[in-house]
Number of protein chains: 2
Amino acid sequence: MDYEKLYSNNAKKMRSSEIRRLLEISQQPGVISFGGGLPNPKAFPAQDIKEIVNEILDGESSKALQYGSTAGLKEFRELLADFVKDDGIKTSVDNILTTVGSQQALDIVGRIFLNENDVVLVGLPTYLGGINAFLAYGAKLVGVPLDDNGMKVDLLEEKIKELKSKGENVKLIYTIPTFQNPAGVELSLERRKRMLEIAKEHDLLILEDDPYGKLRFEGDAIPPIKAFDDEGHVIYMATFSKILSPGFRLAYVVAPLEIAKKMVVAKQSMDLCTSTFTQTIAYHYIRDGYMKNHLPKIIDMYKRKRDIMLQSLEEYFPPGCRWTHPRGGMFLWVELPEYINTVEMFQEAIEKKVAYVTGKSFFVNGNGLNTMRLNFTNADDDDIREGIKRLAEVIKKRIK
Amino acid sequence: MDYEKLYSNNAKKMRSSEIRRLLEISQQPGVISFGGGLPNPKAFPAQDIKEIVNEILDGESSKALQYGSTAGLKEFRELLADFVKDDGIKTSVDNILTTVGSQQALDIVGRIFLNENDVVLVGLPTYLGGINAFLAYGAKLVGVPLDDNGMKVDLLEEKIKELKSKGENVKLIYTIPTFQNPAGVELSLERRKRMLEIAKEHDLLILEDDPYGKLRFEGDAIPPIKAFDDEGHVIYMATFSKILSPGFRLAYVVAPLEIAKKMVVAKQSMDLCTSTFTQTIAYHYIRDGYMKNHLPKIIDMYKRKRDIMLQSLEEYFPPGCRWTHPRGGMFLWVELPEYINTVEMFQEAIEKKVAYVTGKSFFVNGNGLNTMRLNFTNADDDDIREGIKRLAEVIKKRIK
């Protein structure tokens with residue numbers, strides 16, 4: 001049967017992401033991969049989860065295994081409203097919904113706000129999953145450069161004015177302010193406040209994606225933009241993927257009330273509700289103090305791995321290469337000399353048994369050919385050293 | 001801030017489903033509800049899940065708590081390919097993907113196939129979640145009447161010809177052939193085969209939703225339409241919500257290879273992957289024989305509850321009422337005399353502390369005002385009797 005004439009316009013445009021293909025290649029045996037954005041399995045609190053699940057299944061299985069409300073379990077959302085207070089976010093239970101990972105939150109936001117050709121402003125570079133979610137709704141993605149302090153908000157404002165003067169429908173600013181994926185940088189406090197002002201001035205929404213905020217190795221915490229959101233311009237999202245388990249597919253959104261309600265209505269037709277089972281586990285994980293106890297262990301492990309990667313880069317990488325020094329999160333970002341193309345280099349790296357993600361994948365404007373993202377959380381300590389050494393050799397051969 | 005000008009066209013059309021509002025009302029204390037489509041919590045294999053989770057977290061937590069591939073865990077999909085053989089479906093691992101409940105499968109199918117105003121043929125009545133999923137993509141839903149043998153396929157064919165002659169873009173036939181939600185009826189073998197022929201003749205796809213097939217109380221199993229699908233016209237979906245736990249949000253799709261691949265690409269931008277944790281539990285549940293042991297207990301319980309409800313209907317309901325006699329599943333369907341409006345009657349039923357779902361919600365053509373859906377699985381045995389008695393009293397007052 002020929003399905004072509006049955007496909008939606010949407011489906012005809014769908015392409016499997018290039019990065020997926022590269023990640024598959026990097027799963028070959030013996031390859032040390034800095035590619036995937038994977039937490040370290042040793043960071044999973046398996047024994048904590050075991051204790052919690054045993055308690056739940058003995059005492060509250062009727063509820064934990066049943067359907068739940070679309071927004072999420074009420075006591076869990078109440079706890080989350082309290083949980084985000086630590087970061088300066090004042091909100092209440094009705095502003096919160098749970099989602100199947102942050103990716104679903106991105107998808108719901110796309111569904112609610114994006115018509116074909118609407119503009120979303122994103123970082124250069126930015127998270128690929130965000131790019132894909134918005135493209136699925138036919139959005140135009142316009143990039144704004146980053147530096148070591150995150151998105152350049154002066155350029156952001158210029159870009160918005162330029163787009164509006166051309167009659168473009170600018171809707172959202174998508175940002176990962178803390179330990180940005182892929183660049184590893186933090187948006188400064190001053191820029192956070194300025195970004196919010198810009199959103200207010202231009203009647204835009206900020207979609208603040210904060211998967212790594214709890215993974216801070218050093219430096220003072222900078223409040224999320226949502227903490228300053230006095231007029232309902234910020235949709236904030238965070239996830240349990242990096243502090244508990246990505247296999248749970250559990251994240252949450254804090255949104256202005258009207259938007260939260262709209263997101264819940266959209267989610268009804270998408271999957272009815274988020275897993276009540278994983279919600280109940282996460283509820284106990286926070287409420288009963290497991291997280292407070294476990295999080296420092298994850299941070300210690302990841303800090304050590306970042307340090308090993310930074311030391312190895314210093315030791316092995318040739319002159320002419322630059323990289324970020326993230327104070328938390330999971331990634332660092334490498335710029336090679338401009339004449340080195342990391343897409344072309346990828347095959348050779350795989351032959352030398354080391355993998356990365358080509359930086360180009362994170363650029364909506366086709367730039368970043370000489371860049372790459374390195375994940376420092378997933379590999380074993382020794383493999384980080386060895387992998388960086390292998391990668392350095394591949395690069396050195398291309399240094400002019 | 002005024003969000004109206006930022007919303008997508010899609011969002012502007014979104015309405016929270018009426019049934020949700022009614023179900024909320026029916027959660028008042030003391031109300032015996034036949035409304036929600038909930039499994040009985042006593043049917044959840046909590047101790048089995050406990051054993052399985054303990055085993056998983058001791059032995060394979062690295063994988064079960066990590067991200068997984070978008071299609072689903074390979075060994076789980078291999079097992080499912082084998083599992084559906086019992087029903088006569090011949091398929092292989094690459095034709096299968098896991099989803100966040102069947103609702104997500106419906107959503108993905110909508111995304112891949114439906115443009116604004118494309119036609120989906122559905123039963124009169126049909127599952128509300130299906131209606132909502134397709135409406136979210138702007139589809140036109142056209143109803144085809146059912147009788148005790150399911151959808152009237154002769155009328156289906158007439159309707160398709162009529163729609164095509166009007167230039168309508170007919171794409172999908174949505175059907176729940178076994179223990180249909182809401183009507184509880186089974187599509188006969190002959191009609192299943194005829195429906196497939198019709199799909200072939202008119203180049204359409206059948207979306208076969210089979211959440212209740214394993215919950216058969218009596219009678220011989222009729223193979224799913226997918227078992228006869230020699231040319232790739234059927235997308236089959238089934239769920240773990242009714243045989244394990246709805247709180248797991250876990251279902252699976254068996255689709256023609258090209259469609260399965262397209263669905264996986266769509267899912268990438270929607271939520272990256274289905275929970276690896278609940279997939280791993282379901283994998284053990286089937287593989288290690290837990291399901292085989294547990295399923296008869298669910299069937300016994302639900303059969304008993306159906307019998308109690310049928311007996312109570314016989315005993316208490318006034319003449320002039322008709323109901324279906326489902327041989328499995330979770331629902332039966334009641335037709336009251338035509339002059340009784342179940343929407344208008346609802347408030348009084350709630351006052352008398354009993355709830356149902358108004359049949360109208362399941363009709364895409366506004367019919368069914370004198371009908372209701374009764375769930376027989378969720379309430380306690382005594383409550384079924386008492387609830388039907390209460391409901392009978394409300395109805396009797398309206399009998400002319």
# chains A, B, ... in the order shown; residues from 1 in each chain; ligands from 1

call {"tool": "interface_residues", "arguments": {"of": "chain A", "to": "chain B", "cutoff": "6 Å", "atoms": "only C-alpha atoms", "output": "PyMOL selection string"}}
result
chain A and resi 6-8+11+16+41+46+57+62+65-67+103-104+107+112-115+132-133+245-249+265+269-271+275-277

call {"tool": "residues_around", "arguments": {"residues": "stretch 340-344 of chain A", "least_positions_apart": "6", "cutoff": "9 Å", "atoms": "only C-alpha atoms", "output": "list in words"}}
result
Val357, Thr358, Gly359, Lys360, Gly368, Leu369, Asn370, Thr371, Met372, Ile395, Arg398 and Ile399 of chain A

call {"tool": "write_last_selection", "arguments": {"atoms": "N, CA and C atoms", "output": "mmCIF file, in the first residue's frame"}}
result
data_model
loop_
_atom_site.group_PDB
_atom_site.id
_atom_site.type_symbol
_atom_site.label_atom_id
_atom_site.label_comp_id
_atom_site.auth_asym_id
_atom_site.auth_seq_id
_atom_site.Cartn_x
_atom_site.Cartn_y
_atom_site.Cartn_z
ATOM 1 N N VAL A 357 29.221 14.908 19.907
ATOM 2 C CA VAL A 357 28.139 15.380 19.050
ATOM 3 C C VAL A 357 28.643 16.571 18.260
ATOM 4 N N THR A 358 28.415 16.515 16.961
ATOM 5 C CA THR A 358 28.821 17.613 16.082
ATOM 6 C C THR A 358 28.060 18.882 16.470
ATOM 7 N N GLY A 359 28.794 19.955 16.677
ATOM 8 C CA GLY A 359 28.178 21.198 17.155
ATOM 9 C C GLY A 359 27.130 21.762 16.214
ATOM 10 N N LYS A 360 27.338 21.529 14.924
ATOM 11 C CA LYS A 360 26.408 22.019 13.899
ATOM 12 C C LYS A 360 24.946 21.666 14.208
ATOM 13 N N GLY A 368 28.598 26.680 13.315
ATOM 14 C CA GLY A 368 29.120 25.764 14.332
ATOM 15 C C GLY A 368 29.844 24.567 13.759
ATOM 16 N N LEU A 369 30.296 24.686 12.502
ATOM 17 C CA LEU A 369 30.957 23.544 11.854
ATOM 18 C C LEU A 369 32.237 23.120 12.560
ATOM 19 N N ASN A 370 32.857 24.052 13.265
ATOM 20 C CA ASN A 370 34.124 23.740 13.958
ATOM 21 C C ASN A 370 33.922 23.453 15.444
ATOM 22 N N THR A 371 32.672 23.146 15.839
ATOM 23 C CA THR A 371 32.393 22.971 17.269
ATOM 24 C C THR A 371 31.906 21.552 17.589
ATOM 25 N N MET A 372 31.944 21.223 18.862
ATOM 26 C CA MET A 372 31.417 19.924 19.299
ATOM 27 C C MET A 372 30.944 20.027 20.744
ATOM 28 N N ILE A 395 42.245 15.393 16.311
ATOM 29 C CA ILE A 395 42.271 16.835 16.034
ATOM 30 C C ILE A 395 43.667 17.274 15.581
ATOM 31 N N ARG A 398 44.747 17.363 12.112
ATOM 32 C CA ARG A 398 44.118 18.351 11.240
ATOM 33 C C ARG A 398 44.593 19.769 11.515
ATOM 34 N N ILE A 399 45.372 19.926 12.607
ATOM 35 C CA ILE A 399 45.854 21.271 12.940
ATOM 36 C C ILE A 399 46.885 21.711 11.897
#

call {"tool": "select_by_dssp", "arguments": {"residues": "stretch 86-199 of chain A", "states": "helix (DSSP H, G or I)", "output": "VMD selection string"}}
result
chain A and resid 86 to 87 93 to 95 101 to 113 128 to 135 153 to 165 189 to 199

call {"tool": "residues_around", "arguments": {"residues": "A:Ala260", "least_positions_apart": "6", "cutoff": "10 Å", "atoms": "only C-alpha atoms", "output": "PDB file with C-alpha atoms, in the first residue's frame"}}
result
ATOM      1  CA  ALA A  71      -2.290  17.804  35.569  1.00  0.00           C
ATOM      2  CA  ASP A  94      -2.795  24.941  39.990  1.00  0.00           C
ATOM      3  CA  ASN A  95       0.116  26.529  38.145  1.00  0.00           C
ATOM      4  CA  ILE A  96       1.923  23.201  38.020  1.00  0.00           C
ATOM      5  CA  LEU A  97       1.516  20.250  35.717  1.00  0.00           C
ATOM      6  CA  ILE A 235       6.817  29.150  31.459  1.00  0.00           C
ATOM      7  CA  VAL A 253       6.026  22.830  34.383  1.00  0.00           C
ATOM      8  CA  VAL A 254       5.312  25.998  36.353  1.00  0.00           C
ATOM      9  CA  ALA A 266      -3.867  19.852  25.401  1.00  0.00           C
TER      10      ALA A 266
END

call {"tool": "atom_distance", "arguments": {"atom1": "atom CA of B:Gly35", "atom2": "atom CA of B:Thr377"}}
result
10.5 Å

call {"tool": "atom_distance", "arguments": {"atom1": "atom CA of A:Ile32", "atom2": "atom CA of A:Phe179"}}
result
23.1 Å

call {"tool": "select_by_dssp", "arguments": {"residues": "stretch 11-196 of chain B", "states": "strand (DSSP E)", "output": "PyMOL selection string"}}
result
chain B and resi 32-33+96-99+119-124+140-147+150-151+170-175

call {"tool": "residues_around", "arguments": {"residues": "B:Met301", "least_positions_apart": "3", "cutoff": "12 Å", "atoms": "only C-alpha atoms", "output": "number ranges by chain"}}
result
B: 39-44, 215-217, 294-298, 304-308, 328-330, 376-381

call {"tool": "closest_residue", "arguments": {"among": "B:Glu335, B:Asp86, B:Asp147, B:Glu315", "to": "B:Ala392", "atoms": "only C-alpha atoms"}}
result
B:Glu315

call {"tool": "residues_around", "arguments": {"residues": "stretch 185-191 of chain A", "least_positions_apart": "3", "cutoff": "7 Å", "atoms": "only C-alpha atoms", "output": "list of chain:residue names"}}
result
A:Asp148, A:Asn149, A:Gly150, A:Met151, A:Val153, A:Pro177, A:Thr178, A:Phe179, A:Gln180, A:Arg194, A:Met195, A:Ile222, A:Pro326

call {"tool": "atom_distance", "arguments": {"atom1": "atom CA of A:Thr91", "atom2": "atom CA of A:Tyr236"}}
result
11.1 Å

call {"tool": "residues_around", "arguments": {"residues": "B:Arg77", "least_positions_apart": "3", "cutoff": "8 Å", "atoms": "only C-alpha atoms", "output": "PyMOL selection string"}}
result
chain B and resi 72-74+80-81+93+96-98

call {"tool": "residues_around", "arguments": {"residues": "B:Lys352", "least_positions_apart": "6", "cutoff": "10 Å", "atoms": "only C-alpha atoms", "output": "list of chain:residue names"}}
result
B:Gly30, B:Val31, B:Ile32, B:Phe346, B:Gly387, B:Arg390, B:Leu391, B:Glu393, B:Val394

call {"tool": "write_last_selection", "arguments": {"atoms": "C-alpha atoms", "output": "PDB file, in the first residue's frame"}}
result
ATOM      1  CA  GLY B  30     -20.873   8.792  48.853  1.00  0.00           C
ATOM      2  CA  VAL B  31     -21.460   8.757  45.098  1.00  0.00           C
ATOM      3  CA  ILE B  32     -21.318   5.285  43.556  1.00  0.00           C
ATOM      4  CA  PHE B 346     -27.437  13.519  35.480  1.00  0.00           C
ATOM      5  CA  GLY B 387     -25.879   1.948  42.555  1.00  0.00           C
ATOM      6  CA  ARG B 390     -30.460   4.111  42.939  1.00  0.00           C
ATOM      7  CA  LEU B 391     -30.167   4.726  39.222  1.00  0.00           C
ATOM      8  CA  GLU B 393     -35.225   4.964  40.958  1.00  0.00           C
ATOM      9  CA  VAL B 394     -34.071   8.089  39.146  1.00  0.00           C
TER      10      VAL B 394
END

call {"tool": "closest_residue", "arguments": {"among": "B:Leu146, B:Ile52, B:Leu22, B:Leu313", "to": "B:Ile281", "atoms": "only C-alpha atoms"}}
result
B:Ile52
